[in-house]
Amino acid sequence: MDNQLVKQPNNSNGIQKALKIAVAKGDGIGPEIMDATLKILEAAGARIEPEFIEVGEKVYLSGNTAGITKESWETIHNNKIILKAPITTPQGKGYKSLNVTMRKSLGLFANVRPVAAMHPYIKTNFPEMDVVIIRENEEDLYAGIEHQQTEDVVQCLKLITRPGCEKIVRYAFEYAKAYNRKKVTCMVKDNIMKLTDGLFHKVFDEIAVEYPDIKSETQIIDIGSARLAARPEDYDVVVTSNLYGDIISDIAAEIAGSVGMAGSANVGTKVSMFEAIHGSAPDIAGKNMANPSGLINAAVMMLSHVGQTKVADKIRNAWLRTLEDGIHTADIYQDDISKMKVGTDDFADEVIARLGLTPEKLPVSELSKGSGEINIPEYKRTPQKKELVGVDVFLDWQGTDPNEIGNGLMHIDAYKLKLKMITNRGVKVFPEGMKETYCTDHWRCRFVALDADAKSAEPVYQAINFEQIVDLLAKLNMKGFDVIKTENLYEFDGKRGFSLGQGE
């Protein structure tokens, strides 16, 4: 993969040409805050050329369930950079989230959310807070692969990939290096999800050694979230998977004072999108009340991303000075701190009036002092020996006694396969289960080779072939068992590639 920065073209005189960007004004307060933001960008001398695209509520209601037109896709593919205001997704009728669609379709693998305290101008209990949350943006539970399998049980597949882990972890360390950050914290739950979160943790450890000048640490997500909420000043850059990142980025923004102030970047290897993290707030749309700060900060991130760091600093410092001078919109106005309550347009004008100034108390923005260069190497798959060693057969069975189903399956005459165990909701219930364990109608039945050692501390499995599984499924069907799905069990280079049951 190439350097993450979009290189701006020069004209024949060597002067940097304006960079075309796709701009979506969005819904609700979106057009107001976008107009305010673009006005600031123009006044600050940002070398951009907006090309407006149609996305959001109007497109949805026209019958396009994706919420984006074909022409808008073409503009995005041509320009590679998107500045997007919040949109409204109509409720019901199967409308898909445009944000999720764009993140996945465009390969926007990294969601970057800087969160810093603006004390005392924005109320917060953590005046020293300055954290960047870097969230994997394409996979995990957000793949949205769900099934109802029985009357009682639905499932959602958690997909974690090695290339996905490598890209996001590498991005976190590269970001820390580029912007002079000192520590990267990985948050996972691999004490429970040993394979999925375990892979994320393993990749983090592998990549961390390549950045000896950056401190690295790993925390379990539950206590890590609690510590982030209690002592955010202890954190610098946090990298985590999709769901955890979604949660803790909002926690971080809220304890800093206001979710409405934060901008975010959705970064890919070819396309990147910048947006505020708040919603479209239709209740105040058209009233000149909205705070454009989240989108302003997103635009600052965009300018830094494309190499216009001096302009980014100029806007960020003018924005900080505006806050210091007590010029506040209604959502952040404080009687004892604020000097003037302004609307969206006037706030933008006040920022423009301070272009060239720097804050006197808040930390000065110095994006231009970082390299800004982030490099993600091409993923290279390492070949492994993959061996089939068993199968988990999931049955829909209405009984409640594990011994009844277990004894029935033990007598299935399958070709050189034997029942090793049965679990219900992940807990072993046969053989030697506990009578107190509540069982649903969803049973995982593990079959392995007849000569496999199932009693050692780390069970030893023998290779089987797919024909044995087919034979087993045919026998189960003949006996009237309702097979709802199977999961093949593999070893990779001799290492078990599946979880043991709780109590196994």
# chains A, B, ... in the order shown; residues from 1 in each chain; ligands from 1
call {"tool": "select_by_dssp", "arguments": {"residues": "range 238-379 of chain A", "states": "alpha helix (DSSP H)", "output": "ChimeraX atom specification"}}
result
/A:242-256,293-305,309-324,344-353
call {"tool": "residues_around", "arguments": {"residues": "range 322-324 of chain A", "least_positions_apart": "4", "cutoff": "12 Å", "atoms": "only C-alpha atoms", "output": "compact mmCIF listing (two decimals) with all heavy atoms, in the first residue's frame"}}
result
# COMPACT_ATOMS: atom_id res chain seq x y z
N ALA A 117 -9.35 17.82 25.79
CA ALA A 117 -10.11 18.71 26.67
C ALA A 117 -9.88 20.16 26.29
O ALA A 117 -8.76 20.55 25.90
CB ALA A 117 -9.71 18.48 28.12
N MET A 118 -10.93 20.96 26.38
CA MET A 118 -10.84 22.40 26.12
C MET A 118 -11.15 23.17 27.41
O MET A 118 -11.82 24.19 27.39
CB MET A 118 -11.83 22.80 25.02
CG MET A 118 -11.59 22.11 23.70
SD MET A 118 -10.01 22.55 22.98
CE MET A 118 -9.71 21.15 21.92
N HIS A 119 -10.70 22.67 28.52
CA HIS A 119 -10.93 23.26 29.84
C HIS A 119 -10.29 24.64 29.92
O HIS A 119 -9.17 24.84 29.46
CB HIS A 119 -10.33 22.34 30.90
CG HIS A 119 -10.46 22.86 32.30
ND1 HIS A 119 -11.63 22.75 33.01
CD2 HIS A 119 -9.57 23.49 33.10
CE1 HIS A 119 -11.44 23.28 34.21
NE2 HIS A 119 -10.20 23.75 34.28
N PRO A 120 -10.96 25.62 30.50
CA PRO A 120 -12.28 25.57 31.16
C PRO A 120 -13.43 25.98 30.22
O PRO A 120 -14.55 26.15 30.67
CB PRO A 120 -12.12 26.60 32.27
CG PRO A 120 -11.26 27.66 31.65
CD PRO A 120 -10.29 26.92 30.76
N TYR A 121 -13.12 26.12 28.94
CA TYR A 121 -14.10 26.68 28.00
C TYR A 121 -15.19 25.67 27.66
O TYR A 121 -16.30 26.05 27.30
CB TYR A 121 -13.37 27.18 26.75
CG TYR A 121 -12.19 28.03 27.13
CD1 TYR A 121 -10.90 27.52 27.06
CD2 TYR A 121 -12.37 29.32 27.62
CE1 TYR A 121 -9.81 28.29 27.45
CE2 TYR A 121 -11.29 30.09 28.01
CZ TYR A 121 -10.01 29.57 27.94
OH TYR A 121 -8.95 30.32 28.35
N ILE A 122 -14.86 24.38 27.77
CA ILE A 122 -15.83 23.31 27.65
C ILE A 122 -15.80 22.53 28.96
O ILE A 122 -14.72 22.13 29.41
CB ILE A 122 -15.51 22.36 26.47
CG1 ILE A 122 -15.29 23.16 25.18
CG2 ILE A 122 -16.61 21.33 26.32
CD1 ILE A 122 -16.50 23.90 24.70
N MET A 261 -18.28 18.29 19.55
CA MET A 261 -17.07 19.03 19.19
C MET A 261 -16.09 18.20 18.39
O MET A 261 -15.13 18.72 17.83
CB MET A 261 -16.37 19.51 20.47
CG MET A 261 -17.23 20.35 21.38
SD MET A 261 -17.50 22.00 20.73
CE MET A 261 -15.93 22.74 21.11
N ASN A 291 -23.60 23.98 16.29
CA ASN A 291 -22.17 24.20 16.49
C ASN A 291 -21.42 23.49 15.36
O ASN A 291 -21.49 22.27 15.24
CB ASN A 291 -21.76 23.61 17.85
CG ASN A 291 -20.32 23.92 18.21
OD1 ASN A 291 -19.53 24.30 17.37
ND2 ASN A 291 -19.99 23.74 19.48
N SER A 293 -18.28 23.00 15.10
CA SER A 293 -16.92 22.64 15.53
C SER A 293 -16.51 21.23 15.12
O SER A 293 -15.36 21.00 14.75
CB SER A 293 -16.80 22.80 17.05
OG SER A 293 -16.92 24.14 17.43
N ILE A 315 -6.24 27.11 10.97
CA ILE A 315 -7.67 27.03 11.30
C ILE A 315 -7.87 26.54 12.72
O ILE A 315 -8.67 27.10 13.48
CB ILE A 315 -8.38 26.10 10.29
CG1 ILE A 315 -8.36 26.72 8.90
CG2 ILE A 315 -9.82 25.83 10.74
CD1 ILE A 315 -8.87 25.80 7.81
N ARG A 316 -7.15 25.49 13.09
CA ARG A 316 -7.30 24.92 14.43
C ARG A 316 -6.97 25.97 15.50
O ARG A 316 -7.69 26.11 16.50
CB ARG A 316 -6.39 23.71 14.58
CG ARG A 316 -6.30 23.11 15.98
CD ARG A 316 -7.45 22.23 16.30
NE ARG A 316 -7.26 21.59 17.61
CZ ARG A 316 -8.13 20.81 18.19
NH1 ARG A 316 -9.28 20.56 17.60
NH2 ARG A 316 -7.90 20.27 19.37
N ASN A 317 -5.89 26.72 15.31
CA ASN A 317 -5.50 27.72 16.30
C ASN A 317 -6.50 28.87 16.37
O ASN A 317 -6.80 29.38 17.45
CB ASN A 317 -4.09 28.24 15.98
CG ASN A 317 -3.02 27.24 16.36
OD1 ASN A 317 -3.14 26.53 17.35
ND2 ASN A 317 -1.97 27.17 15.55
N ALA A 318 -7.06 29.26 15.23
CA ALA A 318 -8.09 30.30 15.24
C ALA A 318 -9.34 29.81 15.95
O ALA A 318 -9.99 30.58 16.69
CB ALA A 318 -8.43 30.71 13.80
N HIS A 328 -19.11 31.43 21.95
CA HIS A 328 -19.62 30.07 22.04
C HIS A 328 -21.03 29.95 21.47
O HIS A 328 -21.84 30.88 21.60
CB HIS A 328 -19.63 29.60 23.50
CG HIS A 328 -18.27 29.58 24.13
ND1 HIS A 328 -18.09 29.61 25.50
CD2 HIS A 328 -17.03 29.53 23.59
CE1 HIS A 328 -16.81 29.57 25.77
NE2 HIS A 328 -16.14 29.53 24.62
N THR A 329 -21.31 28.80 20.87
CA THR A 329 -22.67 28.47 20.46
C THR A 329 -23.46 28.00 21.68
O THR A 329 -22.89 27.71 22.74
CB THR A 329 -22.65 27.40 19.36
OG1 THR A 329 -21.81 26.32 19.77
CG2 THR A 329 -22.15 27.95 18.04
N ILE A 332 -22.55 24.94 24.15
CA ILE A 332 -21.40 24.96 25.06
C ILE A 332 -21.35 26.24 25.89
O ILE A 332 -20.39 26.47 26.63
CB ILE A 332 -20.07 24.78 24.29
CG1 ILE A 332 -19.89 25.89 23.25
CG2 ILE A 332 -20.01 23.41 23.62
CD1 ILE A 332 -18.51 25.89 22.57
N TYR A 333 -22.36 27.07 25.77
CA TYR A 333 -22.38 28.35 26.47
C TYR A 333 -22.45 28.14 27.98
O TYR A 333 -23.24 27.35 28.48
CB TYR A 333 -23.57 29.18 26.01
CG TYR A 333 -23.57 30.60 26.52
CD1 TYR A 333 -22.92 31.61 25.83
CD2 TYR A 333 -24.22 30.93 27.71
CE1 TYR A 333 -22.92 32.93 26.30
CE2 TYR A 333 -24.23 32.23 28.19
CZ TYR A 333 -23.57 33.22 27.48
OH TYR A 333 -23.56 34.51 27.96
N GLN A 334 -21.59 28.88 28.72
CA GLN A 334 -21.58 28.85 30.19
C GLN A 334 -21.63 30.29 30.69
O GLN A 334 -20.81 31.13 30.28
CB GLN A 334 -20.31 28.18 30.73
CG GLN A 334 -20.06 26.77 30.23
CD GLN A 334 -18.73 26.24 30.72
OE1 GLN A 334 -18.53 26.04 31.93
NE2 GLN A 334 -17.80 26.01 29.81
N ILE A 337 -18.28 31.64 32.03
CA ILE A 337 -17.10 31.55 31.17
C ILE A 337 -17.31 32.28 29.85
O ILE A 337 -16.46 33.03 29.38
CB ILE A 337 -16.74 30.07 30.88
CG1 ILE A 337 -16.33 29.35 32.16
CG2 ILE A 337 -15.64 29.98 29.82
CD1 ILE A 337 -15.01 29.81 32.74
N SER A 338 -18.45 32.05 29.22
CA SER A 338 -18.71 32.57 27.88
C SER A 338 -18.90 34.09 27.90
O SER A 338 -19.38 34.66 28.88
CB SER A 338 -19.95 31.90 27.29
OG SER A 338 -19.81 30.50 27.28
N LYS A 339 -18.52 34.72 26.79
CA LYS A 339 -18.68 36.16 26.65
C LYS A 339 -19.80 36.52 25.66
O LYS A 339 -20.42 37.57 25.77
CB LYS A 339 -17.37 36.78 26.16
CG LYS A 339 -16.18 36.47 27.05
CD LYS A 339 -15.89 37.61 27.97
CE LYS A 339 -14.62 37.48 28.79
NZ LYS A 339 -13.92 36.23 28.82
N MET A 340 -20.00 35.63 24.67
CA MET A 340 -20.98 35.93 23.64
C MET A 340 -21.59 34.63 23.12
O MET A 340 -20.86 33.69 22.82
CB MET A 340 -20.33 36.69 22.48
CG MET A 340 -21.29 37.12 21.38
SD MET A 340 -20.41 37.78 19.92
CE MET A 340 -19.42 39.07 20.67
N LYS A 341 -22.92 34.58 23.04
CA LYS A 341 -23.60 33.43 22.46
C LYS A 341 -23.88 33.73 20.99
O LYS A 341 -24.50 34.75 20.67
CB LYS A 341 -24.91 33.14 23.19
CG LYS A 341 -25.62 31.88 22.70
CD LYS A 341 -26.99 31.72 23.36
CE LYS A 341 -26.85 31.44 24.84
NZ LYS A 341 -28.19 31.16 25.47
N VAL A 342 -23.41 32.86 20.12
CA VAL A 342 -23.54 33.11 18.69
C VAL A 342 -24.17 31.92 17.99
O VAL A 342 -24.20 30.80 18.51
CB VAL A 342 -22.16 33.41 18.05
CG1 VAL A 342 -21.58 34.70 18.58
CG2 VAL A 342 -21.20 32.24 18.25
N ASP A 346 -22.28 33.19 12.65
CA ASP A 346 -21.43 34.13 13.37
C ASP A 346 -20.22 33.44 13.99
O ASP A 346 -19.13 34.02 14.07
CB ASP A 346 -22.24 34.84 14.47
CG ASP A 346 -23.21 35.87 13.90
OD1 ASP A 346 -22.99 36.29 12.75
OD2 ASP A 346 -24.17 36.22 14.60
N PHE A 347 -20.40 32.19 14.41
CA PHE A 347 -19.25 31.46 14.96
C PHE A 347 -18.18 31.31 13.87
O PHE A 347 -16.98 31.51 14.13
CB PHE A 347 -19.68 30.09 15.47
CG PHE A 347 -18.58 29.32 16.15
CD1 PHE A 347 -18.26 29.55 17.48
CD2 PHE A 347 -17.84 28.37 15.46
CE1 PHE A 347 -17.23 28.85 18.11
CE2 PHE A 347 -16.82 27.66 16.07
CZ PHE A 347 -16.51 27.90 17.41
N ALA A 348 -18.60 30.95 12.66
CA ALA A 348 -17.64 30.83 11.57
C ALA A 348 -16.93 32.16 11.31
O ALA A 348 -15.70 32.21 11.11
CB ALA A 348 -18.35 30.35 10.31
N ASP A 349 -17.69 33.26 11.34
CA ASP A 349 -17.09 34.58 11.12
C ASP A 349 -16.07 34.92 12.21
O ASP A 349 -15.03 35.54 11.93
CB ASP A 349 -18.18 35.65 11.06
CG ASP A 349 -19.04 35.54 9.81
OD1 ASP A 349 -18.56 34.96 8.81
OD2 ASP A 349 -20.20 36.03 9.84
N GLU A 350 -16.37 34.54 13.44
CA GLU A 350 -15.44 34.81 14.55
C GLU A 350 -14.15 34.00 14.39
O GLU A 350 -13.06 34.48 14.71
CB GLU A 350 -16.11 34.49 15.88
CG GLU A 350 -17.30 35.38 16.23
CD GLU A 350 -16.89 36.81 16.55
OE1 GLU A 350 -15.70 37.05 16.82
OE2 GLU A 350 -17.77 37.70 16.53
N VAL A 351 -14.28 32.78 13.92
CA VAL A 351 -13.07 31.98 13.65
C VAL A 351 -12.25 32.63 12.55
O VAL A 351 -11.02 32.77 12.66
CB VAL A 351 -13.44 30.53 13.26
CG1 VAL A 351 -12.20 29.76 12.81
CG2 VAL A 351 -14.10 29.81 14.43
N ILE A 352 -12.90 33.08 11.49
CA ILE A 352 -12.21 33.73 10.39
C ILE A 352 -11.49 34.99 10.87
O ILE A 352 -10.36 35.27 10.46
CB ILE A 352 -13.21 34.06 9.26
CG1 ILE A 352 -13.68 32.77 8.60
CG2 ILE A 352 -12.59 34.99 8.23
CD1 ILE A 352 -14.85 32.94 7.64
N ALA A 353 -12.14 35.73 11.76
CA ALA A 353 -11.54 36.96 12.27
C ALA A 353 -10.26 36.69 13.06
O ALA A 353 -9.43 37.60 13.22
CB ALA A 353 -12.54 37.70 13.14
N ARG A 354 -10.07 35.47 13.52
CA ARG A 354 -8.90 35.13 14.33
C ARG A 354 -7.86 34.31 13.58
O ARG A 354 -6.90 33.82 14.18
CB ARG A 354 -9.37 34.38 15.60
CG ARG A 354 -10.07 35.31 16.58
CD ARG A 354 -10.88 34.55 17.62
NE ARG A 354 -11.49 35.46 18.59
CZ ARG A 354 -12.58 36.18 18.34
NH1 ARG A 354 -13.20 36.10 17.16
NH2 ARG A 354 -13.06 37.01 19.27
N LEU A 355 -8.05 34.14 12.29
CA LEU A 355 -7.04 33.42 11.50
C LEU A 355 -5.70 34.16 11.60
O LEU A 355 -5.63 35.38 11.40
CB LEU A 355 -7.48 33.32 10.04
CG LEU A 355 -8.66 32.38 9.77
CD1 LEU A 355 -9.17 32.54 8.34
CD2 LEU A 355 -8.27 30.93 10.05
N GLY A 356 -4.67 33.42 11.91
CA GLY A 356 -3.35 34.02 12.14
C GLY A 356 -3.02 34.18 13.60
O GLY A 356 -1.85 34.41 13.95
N LEU A 357 -4.02 34.07 14.48
CA LEU A 357 -3.79 34.13 15.92
C LEU A 357 -3.63 32.72 16.49
O LEU A 357 -4.04 31.74 15.88
CB LEU A 357 -4.95 34.84 16.62
CG LEU A 357 -5.26 36.27 16.18
CD1 LEU A 357 -6.43 36.82 16.99
CD2 LEU A 357 -4.03 37.16 16.32
N THR A 358 -3.04 32.63 17.67
CA THR A 358 -2.88 31.36 18.36
C THR A 358 -3.52 31.47 19.74
O THR A 358 -3.66 32.57 20.28
CB THR A 358 -1.41 30.97 18.51
OG1 THR A 358 -0.71 32.03 19.18
CG2 THR A 358 -0.75 30.72 17.15
N PRO A 359 -3.91 30.34 20.33
CA PRO A 359 -4.48 30.39 21.67
C PRO A 359 -3.44 30.81 22.70
O PRO A 359 -2.24 30.59 22.52
CB PRO A 359 -4.96 28.95 21.90
CG PRO A 359 -4.10 28.12 21.00
CD PRO A 359 -3.85 28.97 19.79
N GLU A 360 -3.89 31.44 23.77
CA GLU A 360 -2.99 31.89 24.82
C GLU A 360 -2.91 30.89 25.98
O GLU A 360 -1.91 30.85 26.71
CB GLU A 360 -3.44 33.25 25.34
CG GLU A 360 -3.37 34.34 24.27
CD GLU A 360 -3.87 35.68 24.76
OE1 GLU A 360 -4.56 35.70 25.81
OE2 GLU A 360 -3.57 36.70 24.12
N LYS A 361 -3.96 30.08 26.16
CA LYS A 361 -3.98 29.13 27.27
C LYS A 361 -4.07 27.69 26.80
O LYS A 361 -3.43 26.81 27.37
CB LYS A 361 -5.14 29.46 28.20
CG LYS A 361 -5.03 30.84 28.85
CD LYS A 361 -6.23 31.14 29.74
CE LYS A 361 -6.12 32.54 30.35
NZ LYS A 361 -7.30 32.87 31.19
N LEU A 362 -4.87 27.42 25.82
CA LEU A 362 -4.98 26.07 25.28
C LEU A 362 -3.73 25.73 24.47
O LEU A 362 -3.07 26.62 23.94
CB LEU A 362 -6.22 25.96 24.40
CG LEU A 362 -7.57 26.12 25.10
CD1 LEU A 362 -8.70 26.21 24.09
CD2 LEU A 362 -7.81 24.97 26.08
N PRO A 363 -3.39 24.44 24.36
CA PRO A 363 -2.21 24.05 23.59
C PRO A 363 -2.31 24.46 22.13
O PRO A 363 -3.34 24.27 21.48
CB PRO A 363 -2.18 22.51 23.73
CG PRO A 363 -2.97 22.23 24.97
CD PRO A 363 -4.04 23.28 25.02
N VAL A 364 -1.25 25.04 21.62
CA VAL A 364 -1.21 25.47 20.23
C VAL A 364 -1.16 24.26 19.31
O VAL A 364 -0.43 23.29 19.57
CB VAL A 364 0.01 26.38 19.98
CG1 VAL A 364 0.15 26.74 18.50
CG2 VAL A 364 -0.09 27.65 20.84
call {"tool": "select_by_dssp", "arguments": {"residues": "range 346-470 of chain A", "states": "strand (DSSP E or B)", "output": "MDAnalysis selection string"}}
result
chainID A and resid 386:396 417:424 427:430 442:449 453 460
call {"tool": "residues_around", "arguments": {"residues": "range 32-44 of chain A", "least_positions_apart": "4", "cutoff": "10 Å", "atoms": "only C-alpha atoms", "output": "compact mmCIF listing (two decimals) with N, CA and C atoms, in the first residue's frame"}}
result
# COMPACT_ATOMS: atom_id res chain seq x y z
N VAL A 23 -17.76 16.74 -1.59
CA VAL A 23 -18.37 17.37 -0.42
C VAL A 23 -19.85 17.00 -0.37
N ALA A 24 -20.26 16.43 0.76
CA ALA A 24 -21.66 16.08 0.98
C ALA A 24 -22.22 16.98 2.08
N LYS A 25 -23.21 17.79 1.75
CA LYS A 25 -23.77 18.72 2.72
C LYS A 25 -24.68 18.04 3.74
N GLY A 26 -25.17 16.84 3.41
CA GLY A 26 -25.92 16.07 4.38
C GLY A 26 -27.33 16.57 4.63
N ASP A 27 -27.86 16.18 5.79
CA ASP A 27 -29.25 16.47 6.15
C ASP A 27 -29.31 17.23 7.47
N GLY A 28 -30.50 17.68 7.84
CA GLY A 28 -30.67 18.36 9.13
C GLY A 28 -29.80 19.60 9.19
N ILE A 48 -8.35 23.74 -1.90
CA ILE A 48 -9.29 22.66 -2.22
C ILE A 48 -10.33 23.20 -3.20
N GLU A 49 -10.91 22.28 -3.95
CA GLU A 49 -11.99 22.61 -4.87
C GLU A 49 -13.15 21.66 -4.62
N PRO A 50 -14.19 22.11 -3.91
CA PRO A 50 -15.31 21.22 -3.59
C PRO A 50 -16.10 20.81 -4.83
N LEU A 83 -15.42 15.07 2.28
CA LEU A 83 -15.78 15.82 3.49
C LEU A 83 -17.29 15.73 3.59
N LYS A 84 -17.77 15.11 4.66
CA LYS A 84 -19.20 14.77 4.74
C LYS A 84 -19.84 15.31 6.01
N ALA A 85 -20.96 15.99 5.85
CA ALA A 85 -21.77 16.42 6.99
C ALA A 85 -22.67 15.26 7.41
N PRO A 86 -23.29 15.34 8.60
CA PRO A 86 -24.17 14.25 9.05
C PRO A 86 -25.37 14.06 8.13
N ALA A 276 -17.91 14.97 11.05
CA ALA A 276 -18.20 15.12 12.47
C ALA A 276 -18.80 13.81 12.98
N ALA A 285 -32.46 22.09 12.90
CA ALA A 285 -32.07 22.41 11.53
C ALA A 285 -32.72 23.71 11.07
N GLY A 286 -31.96 24.53 10.36
CA GLY A 286 -32.48 25.77 9.81
C GLY A 286 -32.64 26.90 10.81
N LYS A 287 -32.19 26.70 12.04
CA LYS A 287 -32.36 27.71 13.07
C LYS A 287 -31.07 28.49 13.38
N ASN A 288 -30.01 28.23 12.62
CA ASN A 288 -28.73 28.91 12.83
C ASN A 288 -28.25 28.76 14.28
N MET A 289 -28.45 27.54 14.83
CA MET A 289 -28.06 27.27 16.21
C MET A 289 -26.91 26.26 16.31
N ALA A 290 -26.69 25.48 15.26
CA ALA A 290 -25.78 24.34 15.35
C ALA A 290 -24.33 24.77 15.52
N ASN A 291 -23.60 23.98 16.29
CA ASN A 291 -22.17 24.20 16.49
C ASN A 291 -21.42 23.49 15.36
N PRO A 292 -20.68 24.22 14.54
CA PRO A 292 -19.97 23.59 13.42
C PRO A 292 -18.62 23.01 13.81
N SER A 293 -18.28 23.00 15.10
CA SER A 293 -16.92 22.64 15.53
C SER A 293 -16.51 21.23 15.12
N GLY A 294 -17.45 20.26 15.22
CA GLY A 294 -17.09 18.89 14.86
C GLY A 294 -16.66 18.80 13.41
N LEU A 295 -17.37 19.46 12.51
CA LEU A 295 -17.01 19.42 11.10
C LEU A 295 -15.77 20.25 10.82
N ILE A 296 -15.60 21.36 11.54
CA ILE A 296 -14.37 22.15 11.41
C ILE A 296 -13.16 21.29 11.77
N ASN A 297 -13.26 20.55 12.87
CA ASN A 297 -12.14 19.69 13.27
C ASN A 297 -11.92 18.55 12.29
N ALA A 298 -13.01 18.04 11.70
CA ALA A 298 -12.84 17.02 10.65
C ALA A 298 -12.11 17.61 9.45
N ALA A 299 -12.44 18.84 9.09
CA ALA A 299 -11.77 19.50 7.96
C ALA A 299 -10.30 19.74 8.26
N VAL A 300 -9.98 20.06 9.51
CA VAL A 300 -8.58 20.21 9.91
C VAL A 300 -7.82 18.89 9.72
N LEU A 303 -7.18 18.39 5.98
CA LEU A 303 -6.07 19.20 5.47
C LEU A 303 -4.73 18.62 5.89
N LYS A 310 0.02 23.44 7.44
CA LYS A 310 0.10 24.82 7.92
C LYS A 310 -1.28 25.47 7.92
N VAL A 311 -2.06 25.19 6.90
CA VAL A 311 -3.43 25.73 6.88
C VAL A 311 -4.26 25.06 7.97
N ALA A 312 -4.04 23.75 8.17
CA ALA A 312 -4.75 23.03 9.23
C ALA A 312 -4.47 23.66 10.58
N LYS A 314 -3.46 26.70 11.14
CA LYS A 314 -4.01 28.06 11.13
C LYS A 314 -5.48 28.06 11.54
N ILE A 315 -6.24 27.11 10.97
CA ILE A 315 -7.67 27.03 11.30
C ILE A 315 -7.87 26.54 12.72
N ALA A 318 -7.06 29.26 15.23
CA ALA A 318 -8.09 30.30 15.24
C ALA A 318 -9.34 29.81 15.95
N TRP A 319 -9.67 28.55 15.75
CA TRP A 319 -10.83 27.95 16.43
C TRP A 319 -10.60 27.91 17.94
N THR A 344 -24.51 29.63 14.17
CA THR A 344 -23.58 28.92 13.30
C THR A 344 -22.78 29.88 12.43
N ASP A 345 -23.45 30.79 11.73
CA ASP A 345 -22.77 31.70 10.81
C ASP A 345 -21.82 32.63 11.54
N ASP A 346 -22.28 33.19 12.65
CA ASP A 346 -21.43 34.13 13.37
C ASP A 346 -20.22 33.44 13.99
N PHE A 347 -20.40 32.19 14.41
CA PHE A 347 -19.25 31.46 14.96
C PHE A 347 -18.18 31.31 13.87
N ALA A 348 -18.60 30.95 12.66
CA ALA A 348 -17.64 30.83 11.57
C ALA A 348 -16.93 32.16 11.31
N ASP A 349 -17.69 33.26 11.34
CA ASP A 349 -17.09 34.58 11.12
C ASP A 349 -16.07 34.92 12.21
N GLU A 350 -16.37 34.54 13.44
CA GLU A 350 -15.44 34.81 14.55
C GLU A 350 -14.15 34.00 14.39
N VAL A 351 -14.28 32.78 13.92
CA VAL A 351 -13.07 31.98 13.65
C VAL A 351 -12.25 32.63 12.55
N ILE A 352 -12.90 33.08 11.49
CA ILE A 352 -12.21 33.73 10.39
C ILE A 352 -11.49 34.99 10.87
N ALA A 353 -12.14 35.73 11.76
CA ALA A 353 -11.54 36.96 12.27
C ALA A 353 -10.26 36.69 13.06
N LEU A 355 -8.05 34.14 12.29
CA LEU A 355 -7.04 33.42 11.50
C LEU A 355 -5.70 34.16 11.60
N GLY A 356 -4.67 33.42 11.91
CA GLY A 356 -3.35 34.02 12.14
C GLY A 356 -3.02 34.18 13.60
call {"tool": "residues_around", "arguments": {"residues": "Met273 in chain A", "least_positions_apart": "4", "cutoff": "7 Å", "atoms": "only C-alpha atoms", "output": "ChimeraX atom specification"}}
result
/A:81-83,265-267
call {"tool": "residues_around", "arguments": {"residues": "Asp205 in chain A", "least_positions_apart": "5", "cutoff": "10 Å", "atoms": "only C-alpha atoms", "output": "number ranges by chain"}}
result
A: 169, 186, 199-200, 210, 216-218
call {"tool": "write_last_selection", "arguments": {"atoms": "N, CA and C atoms", "output": "mmCIF file, in the first residue's frame"}}
result
data_model
loop_
_atom_site.group_PDB
_atom_site.id
_atom_site.type_symbol
_atom_site.label_atom_id
_atom_site.label_comp_id
_atom_site.auth_asym_id
_atom_site.auth_seq_id
_atom_site.Cartn_x
_atom_site.Cartn_y
_atom_site.Cartn_z
ATOM 1 N N VAL A 169 -3.361 -1.914 13.409
ATOM 2 C CA VAL A 169 -2.301 -1.783 14.418
ATOM 3 C C VAL A 169 -1.132 -1.001 13.839
ATOM 4 N N CYS A 186 -3.377 -1.059 23.356
ATOM 5 C CA CYS A 186 -4.270 -1.986 22.665
ATOM 6 C C CYS A 186 -5.326 -2.466 23.653
ATOM 7 N N LEU A 199 -5.981 -12.952 18.255
ATOM 8 C CA LEU A 199 -5.243 -12.594 17.049
ATOM 9 C C LEU A 199 -4.896 -11.108 17.044
ATOM 10 N N PHE A 200 -5.855 -10.268 17.430
ATOM 11 C CA PHE A 200 -5.606 -8.827 17.478
ATOM 12 C C PHE A 200 -4.443 -8.528 18.419
ATOM 13 N N GLU A 210 8.581 -3.262 16.368
ATOM 14 C CA GLU A 210 9.188 -2.493 15.279
ATOM 15 C C GLU A 210 9.228 -0.996 15.594
ATOM 16 N N SER A 216 4.334 0.649 24.382
ATOM 17 C CA SER A 216 3.145 -0.122 24.030
ATOM 18 C C SER A 216 2.641 -0.868 25.253
ATOM 19 N N GLU A 217 1.326 -1.048 25.322
ATOM 20 C CA GLU A 217 0.712 -1.792 26.416
ATOM 21 C C GLU A 217 -0.613 -2.366 25.933
ATOM 22 N N THR A 218 -1.070 -3.417 26.615
ATOM 23 C CA THR A 218 -2.355 -4.030 26.279
ATOM 24 C C THR A 218 -3.218 -4.093 27.530
#
call {"tool": "residues_around", "arguments": {"residues": "Val184 in chain A", "least_positions_apart": "5", "cutoff": "8 Å", "atoms": "only C-alpha atoms", "output": "VMD selection string"}}
result
chain A and resid 172 to 173 176 214 to 217 235 to 239
call {"tool": "residues_around", "arguments": {"residues": "range 145-149 of chain A", "least_positions_apart": "4", "cutoff": "9 Å", "atoms": "only C-alpha atoms", "output": "compact mmCIF listing (two decimals) with C-alpha atoms, in the first residue's frame"}}
result
# COMPACT_ATOMS: atom_id res chain seq x y z
CA LEU A 141 -19.31 -7.87 14.64
CA VAL A 153 -31.19 -18.77 19.39
CA VAL A 154 -29.85 -16.11 17.03
CA GLN A 155 -26.18 -15.63 16.25
CA CYS A 156 -23.88 -12.86 15.06
CA LEU A 157 -20.51 -13.79 13.58
CA LYS A 158 -17.46 -11.94 14.85
CA ASP A 396 -31.93 -27.86 16.72
CA HIS A 442 -29.22 -25.07 20.20
CA ILE A 484 -28.73 -26.38 11.28
CA LYS A 485 -25.07 -25.77 10.48
